[in-house]
$ cat target-v9.txt   # compact mmCIF, C-alpha atoms and all ligand atoms
# COMPACT_ATOMS: atom_id res chain seq x y z
CA MET S 1 0.00 0.00 0.00
CA VAL S 2 1.04 3.61 -0.70
CA THR S 3 -1.02 6.58 0.49
CA PHE S 4 -1.32 9.85 -1.40
CA LEU S 5 -2.22 13.19 0.23
CA ALA S 6 -4.26 15.56 -1.90
CA GLY S 7 -5.59 19.04 -2.37
CA GLY S 8 -7.70 19.78 -5.41
CA THR S 9 -5.29 19.99 -8.34
CA GLY S 10 -1.77 18.58 -8.07
CA THR S 11 -2.42 15.11 -6.66
CA PRO S 12 -5.52 14.40 -8.77
CA LYS S 13 -3.33 15.31 -11.80
CA LEU S 14 -0.57 13.02 -10.54
CA LEU S 15 -2.96 10.12 -9.96
CA ARG S 16 -4.16 10.33 -13.56
CA GLY S 17 -1.97 7.66 -15.07
CA ALA S 18 -0.84 6.20 -11.73
CA ASP S 19 -2.66 2.89 -12.11
CA ASP S 20 0.14 1.12 -14.01
CA VAL S 21 2.54 1.99 -11.19
CA PHE S 22 0.37 1.73 -8.05
CA ASP S 23 -2.69 -0.56 -7.81
CA PRO S 24 -5.63 1.84 -7.20
CA ALA S 25 -7.35 -0.46 -4.68
CA GLU S 26 -4.14 -0.39 -2.59
CA THR S 27 -3.46 3.32 -3.07
CA PRO S 28 -5.78 5.40 -0.89
CA VAL S 29 -5.92 9.15 -1.20
CA VAL S 30 -6.40 11.35 1.86
CA CYS S 31 -8.11 14.62 0.93
CA ASN S 32 -7.95 18.03 2.55
CA THR S 33 -11.27 19.24 4.01
CA GLY S 34 -10.13 22.68 5.23
CA ASP S 35 -11.51 24.19 1.98
CA ASP S 36 -15.00 22.78 2.53
CA VAL S 37 -17.98 25.10 2.85
CA GLU S 38 -21.65 24.79 3.59
CA LEU S 39 -23.43 26.74 0.88
CA GLY S 40 -27.20 27.08 0.87
CA GLY S 41 -27.41 24.23 3.39
CA VAL S 42 -25.34 21.72 1.41
CA LEU S 43 -21.81 20.66 2.29
CA VAL S 44 -19.38 21.17 -0.59
CA CYS S 45 -15.99 19.42 -0.26
CA PRO S 46 -13.95 20.77 -3.19
CA ASP S 47 -10.84 18.63 -2.75
CA VAL S 48 -12.72 15.39 -2.03
CA ASP S 49 -14.97 16.15 -5.00
CA THR S 50 -12.17 16.78 -7.50
CA THR S 51 -10.70 13.42 -6.53
CA LEU S 52 -14.10 11.68 -6.75
CA PHE S 53 -14.86 13.22 -10.14
CA ALA S 54 -11.34 12.54 -11.46
CA GLU S 55 -11.43 8.92 -10.32
CA GLY S 56 -15.00 8.50 -11.61
CA ASP S 57 -13.82 9.98 -14.94
CA VAL S 58 -16.40 12.77 -15.01
CA LEU S 59 -14.15 15.67 -13.94
CA ASP S 60 -14.07 18.88 -15.95
CA ARG S 61 -10.36 18.79 -16.75
CA GLU S 62 -10.33 22.36 -18.08
CA THR S 63 -11.03 23.81 -14.64
CA TRP S 64 -10.09 20.83 -12.41
CA TRP S 65 -13.37 21.24 -10.52
CA GLY S 66 -16.97 20.23 -11.24
CA ILE S 67 -18.36 17.76 -13.76
CA ALA S 68 -17.53 18.01 -17.47
CA ASP S 69 -20.39 19.43 -19.57
CA ASP S 70 -22.51 20.08 -16.50
CA THR S 71 -25.33 22.63 -16.79
CA THR S 72 -25.72 25.54 -14.34
CA GLU S 73 -29.45 26.32 -14.50
CA THR S 74 -29.98 26.38 -10.75
CA HIS S 75 -26.92 28.56 -10.18
CA GLU S 76 -28.04 31.04 -12.84
CA GLU S 77 -31.56 31.19 -11.44
CA LEU S 78 -30.14 31.94 -7.97
CA HIS S 79 -28.36 34.94 -9.48
CA ARG S 80 -31.45 36.07 -11.42
CA LEU S 81 -33.53 35.99 -8.24
CA ALA S 82 -30.92 37.85 -6.18
CA ASP S 83 -30.43 40.52 -8.88
CA ALA S 84 -34.18 41.03 -9.19
CA ALA S 85 -34.47 41.41 -5.43
CA GLY S 86 -31.48 43.79 -5.22
CA LEU S 87 -29.54 41.34 -3.02
CA ASP S 88 -25.77 41.71 -2.91
CA SER S 89 -23.96 38.84 -4.63
CA GLY S 90 -20.72 38.66 -2.57
CA PRO S 91 -20.19 35.71 -0.22
CA ARG S 92 -22.98 35.95 2.34
CA TYR S 93 -21.83 34.38 5.62
CA LEU S 94 -24.59 33.17 7.92
CA PRO S 95 -24.71 35.08 11.24
CA ASN S 96 -22.04 34.27 13.84
CA GLU S 97 -24.33 32.19 16.04
CA ALA S 98 -25.25 30.01 13.04
CA GLN S 99 -21.56 29.27 12.36
CA THR S 100 -21.36 26.90 15.32
CA SER S 101 -24.90 25.55 15.55
CA GLY S 102 -26.25 22.47 13.78
CA ARG S 103 -24.12 19.98 11.89
CA GLU S 104 -20.61 20.20 13.41
CA ILE S 105 -18.65 19.33 10.27
CA ALA S 106 -19.71 22.65 8.67
CA ARG S 107 -18.56 24.95 11.48
CA TRP S 108 -17.05 28.36 10.72
CA ARG S 109 -17.77 28.20 6.96
CA ARG S 110 -21.50 28.55 6.55
CA PHE S 111 -22.76 30.70 3.69
CA SER S 112 -26.28 31.50 2.63
CA GLY S 113 -27.24 30.17 -0.80
CA VAL S 114 -28.46 33.62 -1.87
CA ALA S 115 -26.59 34.64 -5.05
CA GLU S 116 -24.37 31.58 -4.60
CA PHE S 117 -20.77 32.89 -4.71
CA MET S 118 -19.27 29.60 -5.90
CA GLU S 119 -20.65 28.12 -9.09
CA LEU S 120 -22.18 24.71 -8.54
CA GLY S 121 -23.23 22.78 -11.62
CA ASP S 122 -26.55 20.94 -11.60
CA ARG S 123 -25.08 17.42 -11.49
CA ASP S 124 -22.37 18.59 -9.11
CA ARG S 125 -25.09 19.93 -6.81
CA ALA S 126 -26.87 16.56 -6.83
CA LEU S 127 -23.75 15.04 -5.27
CA HIS S 128 -23.67 17.70 -2.54
CA VAL S 129 -27.39 17.19 -1.81
CA THR S 130 -26.81 13.43 -1.54
CA ARG S 131 -23.77 13.93 0.72
CA THR S 132 -25.62 16.35 2.98
CA GLY S 133 -28.70 14.13 3.13
CA LEU S 134 -26.59 11.15 4.23
CA LEU S 135 -24.80 13.30 6.83
CA ASN S 136 -28.21 14.42 8.12
CA GLU S 137 -29.22 10.76 8.34
CA GLY S 138 -26.33 10.32 10.78
CA ARG S 139 -23.44 8.97 8.71
CA THR S 140 -19.92 10.34 9.05
CA LEU S 141 -18.18 12.18 6.22
CA THR S 142 -15.91 9.14 5.79
CA GLU S 143 -18.88 6.79 5.41
CA VAL S 144 -20.67 9.17 3.06
CA THR S 145 -17.56 9.53 0.89
CA ARG S 146 -17.31 5.73 0.62
CA THR S 147 -20.94 5.66 -0.57
CA LEU S 148 -20.23 8.39 -3.13
CA CYS S 149 -17.24 6.34 -4.37
CA ASP S 150 -19.62 3.44 -4.95
CA ALA S 151 -22.08 5.68 -6.77
CA LEU S 152 -19.35 6.95 -9.10
CA GLY S 153 -17.69 3.56 -9.59
CA VAL S 154 -14.49 4.66 -7.84
CA GLU S 155 -12.24 1.81 -6.78
CA ARG S 156 -9.59 3.87 -4.99
CA PRO S 157 -10.30 4.49 -1.28
CA VAL S 158 -10.99 8.24 -0.97
CA LEU S 159 -10.61 9.39 2.63
CA PRO S 160 -11.50 12.81 4.03
CA MET S 161 -8.66 13.80 6.39
CA SER S 162 -11.04 14.03 9.36
CA ASP S 163 -14.68 13.68 10.35
CA ASP S 164 -14.21 16.78 12.51
CA PRO S 165 -14.50 20.38 11.33
CA VAL S 166 -11.30 22.23 10.36
CA ALA S 167 -11.83 25.53 8.53
CA SER S 168 -9.04 27.34 6.64
CA ILE S 169 -9.41 31.01 7.52
CA VAL S 170 -7.15 33.50 5.75
CA HIS S 171 -6.34 36.61 7.79
CA THR S 172 -5.74 39.50 5.38
CA ASP S 173 -5.25 43.26 5.53
CA GLU S 174 -8.98 43.44 4.72
CA GLY S 175 -9.98 41.14 7.58
CA ALA S 176 -10.45 37.40 8.09
CA MET S 177 -12.15 35.38 5.39
CA HIS S 178 -12.69 31.71 4.62
CA PHE S 179 -10.23 30.34 2.05
CA GLN S 180 -13.02 30.05 -0.54
CA GLU S 181 -13.87 33.73 -0.20
CA PHE S 182 -10.14 34.55 -0.56
CA TRP S 183 -9.61 32.22 -3.53
CA VAL S 184 -12.89 32.06 -5.47
CA HIS S 185 -14.38 35.48 -4.78
CA ARG S 186 -11.27 37.63 -4.24
CA ARG S 187 -8.98 35.68 -6.62
CA ALA S 188 -6.23 35.60 -3.94
CA ASP S 189 -5.88 39.39 -4.19
CA PRO S 190 -5.83 40.61 -0.52
CA ALA S 191 -2.47 40.74 1.29
CA VAL S 192 -2.18 37.71 3.57
CA GLU S 193 -1.10 38.13 7.20
CA ARG S 194 -1.54 34.57 8.41
CA VAL S 195 -3.59 31.42 7.85
CA GLU S 196 -5.59 29.81 10.64
CA PHE S 197 -6.92 26.24 10.69
CA ARG S 198 -9.87 26.78 12.95
CA GLY S 199 -10.91 23.65 14.85
CA ALA S 200 -7.65 21.77 14.22
CA ASP S 201 -6.73 21.64 17.93
CA ALA S 202 -9.83 19.60 18.66
CA ALA S 203 -9.87 17.64 15.39
CA ALA S 204 -8.38 14.20 14.76
CA PRO S 205 -7.62 12.18 11.67
CA THR S 206 -10.02 9.27 11.26
CA ASP S 207 -9.00 5.67 11.99
CA ALA S 208 -9.09 4.98 8.25
CA VAL S 209 -6.62 7.83 7.71
CA LEU S 210 -4.33 6.67 10.52
CA ASP S 211 -4.32 3.15 9.02
CA ALA S 212 -3.48 4.63 5.62
CA LEU S 213 -0.64 6.67 7.17
CA ASP S 214 0.98 3.44 8.39
CA ALA S 215 1.98 2.91 4.76
CA PRO S 216 4.59 4.97 2.87
CA VAL S 217 3.14 8.37 1.98
CA VAL S 218 3.32 10.48 -1.18
CA ILE S 219 2.56 14.19 -1.01
CA GLY S 220 1.53 15.15 -4.51
CA PRO S 221 2.40 18.62 -5.81
CA SER S 222 0.08 20.46 -3.46
CA ASN S 223 -0.28 23.85 -1.90
CA PRO S 224 1.71 23.26 1.31
CA VAL S 225 -0.27 25.93 3.21
CA THR S 226 -3.93 25.43 2.36
CA SER S 227 -3.97 21.81 1.15
CA LEU S 228 -1.42 20.19 3.49
CA GLY S 229 -1.66 22.79 6.29
CA PRO S 230 -5.04 21.60 7.61
CA MET S 231 -3.74 18.01 7.79
CA LEU S 232 -0.46 19.01 9.44
CA ALA S 233 -2.34 21.16 11.96
CA MET S 234 -3.66 17.95 13.53
CA ASP S 235 -1.00 16.59 15.91
CA ALA S 236 -1.74 12.92 15.27
CA PHE S 237 -1.51 13.44 11.51
CA ARG S 238 1.89 15.14 11.72
CA GLU S 239 3.19 12.52 14.15
CA ALA S 240 2.09 9.73 11.78
CA LEU S 241 4.07 11.36 8.95
CA GLU S 242 7.13 11.57 11.17
CA SER S 243 7.14 7.80 11.58
CA THR S 244 6.60 6.62 8.00
CA PRO S 245 8.60 7.14 4.78
CA VAL S 246 7.37 10.28 2.96
CA VAL S 247 8.13 11.42 -0.60
CA ALA S 248 6.96 14.86 -1.77
CA VAL S 249 6.58 16.14 -5.33
CA SER S 250 7.31 19.86 -5.63
CA PRO S 251 4.58 22.17 -6.95
CA PHE S 252 7.39 24.55 -8.00
CA VAL S 253 10.30 24.56 -10.43
CA GLU S 254 12.73 26.45 -8.18
CA GLU S 255 10.80 29.76 -7.62
CA GLU S 256 8.30 29.17 -10.44
CA VAL S 257 4.94 27.83 -9.25
CA PHE S 258 2.87 25.77 -11.70
CA SER S 259 -0.41 27.44 -10.66
CA GLY S 260 -2.41 28.94 -7.82
CA PRO S 261 -1.57 30.92 -4.69
CA ALA S 262 1.04 28.57 -3.12
CA GLY S 263 3.85 31.13 -3.49
CA LYS S 264 1.92 33.96 -1.88
CA LEU S 265 0.71 31.77 0.98
CA LEU S 266 4.13 30.24 1.65
CA ALA S 267 5.70 33.71 1.78
CA ALA S 268 2.96 34.91 4.16
CA THR S 269 3.57 32.00 6.51
CA GLY S 270 7.32 32.50 6.80
CA TYR S 271 8.67 30.24 4.05
CA GLU S 272 10.41 30.94 0.80
CA ALA S 273 8.07 30.75 -2.19
CA SER S 274 10.03 27.97 -3.88
CA THR S 275 10.94 24.29 -3.84
CA ALA S 276 13.35 25.10 -0.97
CA GLY S 277 10.42 26.61 1.00
CA VAL S 278 8.29 23.52 0.36
CA ALA S 279 11.12 21.31 1.66
CA GLU S 280 11.37 23.46 4.78
CA ALA S 281 7.60 23.20 5.31
CA TYR S 282 7.90 19.39 5.12
CA PRO S 283 10.66 18.53 7.64
CA PHE S 284 9.26 14.97 7.83
CA ALA S 285 9.74 14.34 4.08
CA ASP S 286 12.50 11.81 3.41
CA ALA S 287 12.90 12.41 -0.33
CA PHE S 288 11.64 14.70 -3.09
CA VAL S 289 10.68 14.48 -6.73
CA LEU S 290 11.73 17.68 -8.52
CA ASP S 291 11.48 18.87 -12.07
CA GLU S 292 14.53 18.15 -14.23
CA ALA S 293 14.99 21.92 -14.60
CA ASP S 294 14.92 22.44 -10.82
CA GLY S 295 18.47 22.64 -9.50
CA THR S 296 17.50 23.26 -5.87
CA ASP S 297 20.05 21.68 -3.57
CA LEU S 298 18.18 19.84 -0.83
CA GLU S 299 19.91 17.89 1.88
CA ARG S 300 17.62 14.95 1.23
CA PRO S 301 17.51 12.45 -1.66
CA VAL S 302 16.04 13.84 -4.88
CA VAL S 303 14.76 12.15 -8.04
CA ARG S 304 14.33 14.43 -11.06
CA THR S 305 11.96 14.11 -14.01
CA ASP S 306 9.72 16.38 -16.08
CA THR S 307 7.05 17.16 -13.43
CA THR S 308 4.59 18.88 -15.77
CA LEU S 309 1.30 17.03 -15.29
CA GLY S 310 -1.69 16.90 -17.61
CA ASP S 311 -1.98 13.70 -19.63
CA PRO S 312 -2.07 10.18 -18.16
CA GLU S 313 1.49 9.62 -19.50
CA ASP S 314 2.66 12.54 -17.34
CA GLY S 315 1.10 11.02 -14.23
CA GLU S 316 2.69 7.67 -15.01
CA ARG S 317 6.15 9.23 -15.54
CA VAL S 318 6.04 11.19 -12.30
CA CYS S 319 4.64 8.18 -10.40
CA ARG S 320 7.61 6.11 -11.62
CA ALA S 321 9.91 8.82 -10.24
CA VAL S 322 7.94 8.68 -6.97
CA GLY S 323 8.44 4.88 -6.90
CA GLU S 324 12.17 5.40 -7.37
CA ALA S 325 12.27 7.97 -4.55
CA LEU S 326 10.39 5.55 -2.28
CA GLU S 327 12.96 2.86 -3.05
CA THR S 328 15.78 5.31 -2.32
CA VAL S 329 14.48 5.78 1.21
CA GLY S 330 13.92 2.07 1.68
CA ALA S 331 10.13 2.26 1.73
CA GLU S 332 8.44 -1.08 1.38
CA VAL S 333 5.56 -0.79 -1.07
CA THR S 334 3.62 -3.99 -0.62
P1 LIG N 401 -5.71 23.31 -4.76
O1 LIG N 401 -6.60 22.63 -3.78
O2 LIG N 401 -6.35 23.60 -6.09
O3 LIG N 401 -4.90 24.45 -4.18
O4 LIG N 401 -4.70 22.22 -5.23
P2 LIG N 401 -3.46 21.47 -4.68
O5 LIG N 401 -2.98 21.95 -3.39
O6 LIG N 401 -3.70 20.02 -4.88
O7 LIG N 401 -2.47 21.82 -5.83
C1 LIG N 401 -2.02 23.09 -6.09
C2 LIG N 401 -0.60 22.98 -6.54
O8 LIG N 401 -0.47 22.11 -7.66
C3 LIG N 401 -0.09 24.31 -6.99
O9 LIG N 401 0.81 24.81 -6.06
C4 LIG N 401 0.58 24.02 -8.34
O10 LIG N 401 1.85 24.60 -8.44
C5 LIG N 401 0.63 22.52 -8.39
N1 LIG N 401 0.52 22.05 -9.78
C6 LIG N 401 -0.47 22.29 -10.64
N2 LIG N 401 -0.17 21.72 -11.83
C7 LIG N 401 1.03 21.10 -11.69
C8 LIG N 401 1.86 20.35 -12.56
O11 LIG N 401 1.55 20.13 -13.73
N3 LIG N 401 3.02 19.88 -12.04
C9 LIG N 401 3.41 20.11 -10.76
N4 LIG N 401 4.56 19.62 -10.32
N5 LIG N 401 2.65 20.83 -9.91
C10 LIG N 401 1.47 21.31 -10.38
$ encode --input "target-v9.txt" --output "structure tokens" --more "lines below"
Ligand code: GDP
Amino acid sequence: MVTFLAGGTGTPKLLRGADDVFDPAETPVVCNTGDDVELGGVLVCPDVDTTLFAEGDVLDRETWWGIADDTTETHEELHRLADAAGLDSGPRYLPNEAQTSGREIARWRRFSGVAEFMELGDRDRALHVTRTGLLNEGRTLTEVTRTLCDALGVERPVLPMSDDPVASIVHTDEGAMHFQEFWVHRRADPAVERVEFRGADAAAPTDAVLDALDAPVVIGPSNPVTSLGPMLAMDAFREALESTPVVAVSPFVEEEVFSGPAGKLLAATGYEASTAGVAEAYPFADAFVLDEADGTDLERPVVRTDTTLGDPEDGERVCRAVGEALETVGAEVT
């Protein structure tokens, strides 16, 4: 078994094409849930969903979120209604007291569905309604995700990092906002002062995650702050990584990031915005996979290949490099 850790872009890209290298049934993926929001009463788990849709082969691979060729009739009607009523279309947080009442998993990230600030496709929404319905019936997020895997024909175990709430809150010069407001609505524009993982002190990885972390671990090219940060903020998660072989794939080529706000967030949290900064953020990583054009000198074993991901062949190539790095650190992949 080998376990992958995922946000919503890098690891799903890496896993596309991984099946010839790592048997999917024996290669669980642990997904970040710090990005999750409750929107209009339904729980949306962007990183879990990208993995589910990618593995179920329905992902929109232009955007790396949502379902390919989905319609957006409900979303558009929500905007028509709000416009007609003169309702503001920015993210509309529910009142403070509502942030901690009701379903615990959605704490500190509850938005009204009025003028929905994140676009949810119609088929995409059906998944969120099903997830939320099953949660309301009393199942855990882990159990619900297993059921959604079945519904989408996904063989790979997809594990939310925790069944407890952890909310990624970005503190900016314009105030605190949930990561999805910062990223989707504000396009990562405000200056970042710090990032908080609200709830992490009281949250724990699930038993399924702890079992998966007994195996060698691969950190795909992820945003170290907002995709890995929520996982690392849980003591038991970090401790598990310290006692198993870990290989990380850089989301940078030296100082050049492939996409997204990883550079800005690393710099704001005291790290260099580069492969060197990623290595510093992952002191428990035993080896790295870097791009062949990345000359960063790390004091840990490095395997180099072309780390540009897109097609299945790319995923397979980088997974072979990951396999080599695992061998270098003596990891037993059974
Ligand atoms: P998020 O949830 O969308 O922030 O996604 P992740 O944390 O999973 O991944 C974001 C990271 O993936 C970014 O920092 C990118 O630099 C990295 N990334 C995106 N495409 C590629 C690629 O083709 N190759 C590599 N090595 N990294 C990539």
$ residues_near_ligand --input "target-v9.txt" --ligand "ligand LIG 401 (chain N)" --cutoff "9 Å" --atoms "only C-alpha atoms and all ligand atoms" --output "JSON list (two decimals) with C-alpha atoms, keeping the file's coordinate frame"
[["chain", "number", "residue", "atom", "x", "y", "z"],
["S", 5, "LEU", "CA", -2.22, 13.19, 0.23],
["S", 6, "ALA", "CA", -4.26, 15.56, -1.90],
["S", 7, "GLY", "CA", -5.59, 19.04, -2.37],
["S", 8, "GLY", "CA", -7.70, 19.78, -5.41],
["S", 9, "THR", "CA", -5.29, 19.99, -8.34],
["S", 10, "GLY", "CA", -1.77, 18.58, -8.07],
["S", 11, "THR", "CA", -2.42, 15.11, -6.66],
["S", 12, "PRO", "CA", -5.52, 14.40, -8.77],
["S", 13, "LYS", "CA", -3.33, 15.31, -11.80],
["S", 14, "LEU", "CA", -0.57, 13.02, -10.54],
["S", 32, "ASN", "CA", -7.95, 18.03, 2.55],
["S", 35, "ASP", "CA", -11.51, 24.19, 1.98],
["S", 46, "PRO", "CA", -13.95, 20.77, -3.19],
["S", 47, "ASP", "CA", -10.84, 18.63, -2.75],
["S", 50, "THR", "CA", -12.17, 16.78, -7.50],
["S", 64, "TRP", "CA", -10.09, 20.83, -12.41],
["S", 65, "TRP", "CA", -13.37, 21.24, -10.52],
["S", 220, "GLY", "CA", 1.53, 15.15, -4.51],
["S", 221, "PRO", "CA", 2.40, 18.62, -5.81],
["S", 222, "SER", "CA", 0.08, 20.46, -3.46],
["S", 223, "ASN", "CA", -0.28, 23.85, -1.90],
["S", 224, "PRO", "CA", 1.71, 23.26, 1.31],
["S", 225, "VAL", "CA", -0.27, 25.93, 3.21],
["S", 226, "THR", "CA", -3.93, 25.43, 2.36],
["S", 227, "SER", "CA", -3.97, 21.81, 1.15],
["S", 228, "LEU", "CA", -1.42, 20.19, 3.49],
["S", 249, "VAL", "CA", 6.58, 16.14, -5.33],
["S", 250, "SER", "CA", 7.31, 19.86, -5.63],
["S", 251, "PRO", "CA", 4.58, 22.17, -6.95],
["S", 252, "PHE", "CA", 7.39, 24.55, -8.00],
["S", 253, "VAL", "CA", 10.30, 24.56, -10.43],
["S", 256, "GLU", "CA", 8.30, 29.17, -10.44],
["S", 257, "VAL", "CA", 4.94, 27.83, -9.25],
["S", 258, "PHE", "CA", 2.87, 25.77, -11.70],
["S", 259, "SER", "CA", -0.41, 27.44, -10.66],
["S", 260, "GLY", "CA", -2.41, 28.94, -7.82],
["S", 261, "PRO", "CA", -1.57, 30.92, -4.69],
["S", 262, "ALA", "CA", 1.04, 28.57, -3.12],
["S", 263, "GLY", "CA", 3.85, 31.13, -3.49],
["S", 289, "VAL", "CA", 10.68, 14.48, -6.73],
["S", 290, "LEU", "CA", 11.73, 17.68, -8.52],
["S", 291, "ASP", "CA", 11.48, 18.87, -12.07],
["S", 306, "ASP", "CA", 9.72, 16.38, -16.08],
["S", 307, "THR", "CA", 7.05, 17.16, -13.43],
["S", 308, "THR", "CA", 4.59, 18.88, -15.77],
["S", 309, "LEU", "CA", 1.30, 17.03, -15.29],
["S", 310, "GLY", "CA", -1.69, 16.90, -17.61],
["S", 314, "ASP", "CA", 2.66, 12.54, -17.34],
["S", 318, "VAL", "CA", 6.04, 11.19, -12.30]]
$ residues_around --input "target-v9.txt" --residues "Glu143 in chain S" --least-positions-apart "6" --cutoff "10 Å" --atoms "all atoms listed in the file" --output "list of chain:residue names"
S:Arg131, S:Leu134, S:Leu135, S:Cys149, S:Leu159, S:Pro160, S:Asp163
$ closest_residue --input "target-v9.txt" --among "S:Thr33, S:Thr51, S:Thr3, S:Thr63" --to "Phe179 in chain S" --atoms "all atoms listed in the file"
S:Thr33
$ residues_around --input "target-v9.txt" --residues "His128 in chain S" --least-positions-apart "4" --cutoff "8 Å" --atoms "all atoms listed in the file" --output "list in words"
Val42, Leu43, Val44, Asp124 and Thr132 of chain S
$ closest_residue --input "target-v9.txt" --among "S:Met118, S:Ala215, S:Leu210, S:Leu326" --to "Glu239 in chain S" --atoms "all atoms listed in the file"
S:Leu210
$ build_atoms --input "target-v9.txt" --residues "range 280-286 of chain S" --atoms "all heavy atoms" --output "mmCIF file, in the frame of the given file"
data_model
loop_
_atom_site.group_PDB
_atom_site.id
_atom_site.type_symbol
_atom_site.label_atom_id
_atom_site.label_comp_id
_atom_site.auth_asym_id
_atom_site.auth_seq_id
_atom_site.Cartn_x
_atom_site.Cartn_y
_atom_site.Cartn_z
ATOM 1 N N GLU S 280 11.306 22.998 3.387
ATOM 2 C CA GLU S 280 11.370 23.460 4.780
ATOM 3 C C GLU S 280 10.020 23.240 5.484
ATOM 4 O O GLU S 280 9.977 22.915 6.671
ATOM 5 C CB GLU S 280 11.719 24.951 4.761
ATOM 6 C CG GLU S 280 12.427 25.423 6.006
ATOM 7 C CD GLU S 280 12.555 26.935 6.011
ATOM 8 O OE1 GLU S 280 12.729 27.536 4.931
ATOM 9 O OE2 GLU S 280 12.438 27.509 7.114
ATOM 10 N N ALA S 281 8.938 23.402 4.729
ATOM 11 C CA ALA S 281 7.600 23.200 5.310
ATOM 12 C C ALA S 281 7.318 21.713 5.584
ATOM 13 O O ALA S 281 6.398 21.384 6.331
ATOM 14 C CB ALA S 281 6.533 23.768 4.362
ATOM 15 N N TYR S 282 8.094 20.829 4.945
ATOM 16 C CA TYR S 282 7.900 19.390 5.120
ATOM 17 C C TYR S 282 9.153 18.763 5.760
ATOM 18 O O TYR S 282 9.870 17.970 5.120
ATOM 19 C CB TYR S 282 7.664 18.696 3.766
ATOM 20 C CG TYR S 282 6.436 19.125 2.994
ATOM 21 C CD1 TYR S 282 6.388 18.961 1.612
ATOM 22 C CD2 TYR S 282 5.300 19.659 3.620
ATOM 23 C CE1 TYR S 282 5.261 19.317 0.876
ATOM 24 C CE2 TYR S 282 4.179 20.026 2.888
ATOM 25 C CZ TYR S 282 4.165 19.855 1.515
ATOM 26 O OH TYR S 282 3.060 20.205 0.785
ATOM 27 N N PRO S 283 9.443 19.077 7.025
ATOM 28 C CA PRO S 283 10.660 18.530 7.640
ATOM 29 C C PRO S 283 10.625 17.007 7.751
ATOM 30 O O PRO S 283 11.661 16.366 7.876
ATOM 31 C CB PRO S 283 10.664 19.189 9.038
ATOM 32 C CG PRO S 283 9.269 19.649 9.285
ATOM 33 C CD PRO S 283 8.662 19.925 7.943
ATOM 34 N N PHE S 284 9.435 16.426 7.698
ATOM 35 C CA PHE S 284 9.260 14.970 7.830
ATOM 36 C C PHE S 284 9.453 14.250 6.494
ATOM 37 O O PHE S 284 9.432 13.025 6.439
ATOM 38 C CB PHE S 284 7.853 14.671 8.369
ATOM 39 C CG PHE S 284 6.823 15.502 7.650
ATOM 40 C CD1 PHE S 284 6.402 15.140 6.389
ATOM 41 C CD2 PHE S 284 6.339 16.679 8.213
ATOM 42 C CE1 PHE S 284 5.504 15.925 5.691
ATOM 43 C CE2 PHE S 284 5.436 17.474 7.516
ATOM 44 C CZ PHE S 284 5.026 17.092 6.253
ATOM 45 N N ALA S 285 9.607 14.994 5.392
ATOM 46 C CA ALA S 285 9.740 14.340 4.080
ATOM 47 C C ALA S 285 11.142 13.753 3.956
ATOM 48 O O ALA S 285 12.133 14.397 4.293
ATOM 49 C CB ALA S 285 9.471 15.341 2.955
ATOM 50 N N ASP S 286 11.208 12.507 3.477
ATOM 51 C CA ASP S 286 12.500 11.810 3.410
ATOM 52 C C ASP S 286 13.154 11.962 2.047
ATOM 53 O O ASP S 286 14.359 11.763 1.913
ATOM 54 C CB ASP S 286 12.281 10.320 3.715
ATOM 55 C CG ASP S 286 11.644 10.152 5.086
ATOM 56 O OD1 ASP S 286 12.320 10.454 6.076
ATOM 57 O OD2 ASP S 286 10.455 9.767 5.162
#
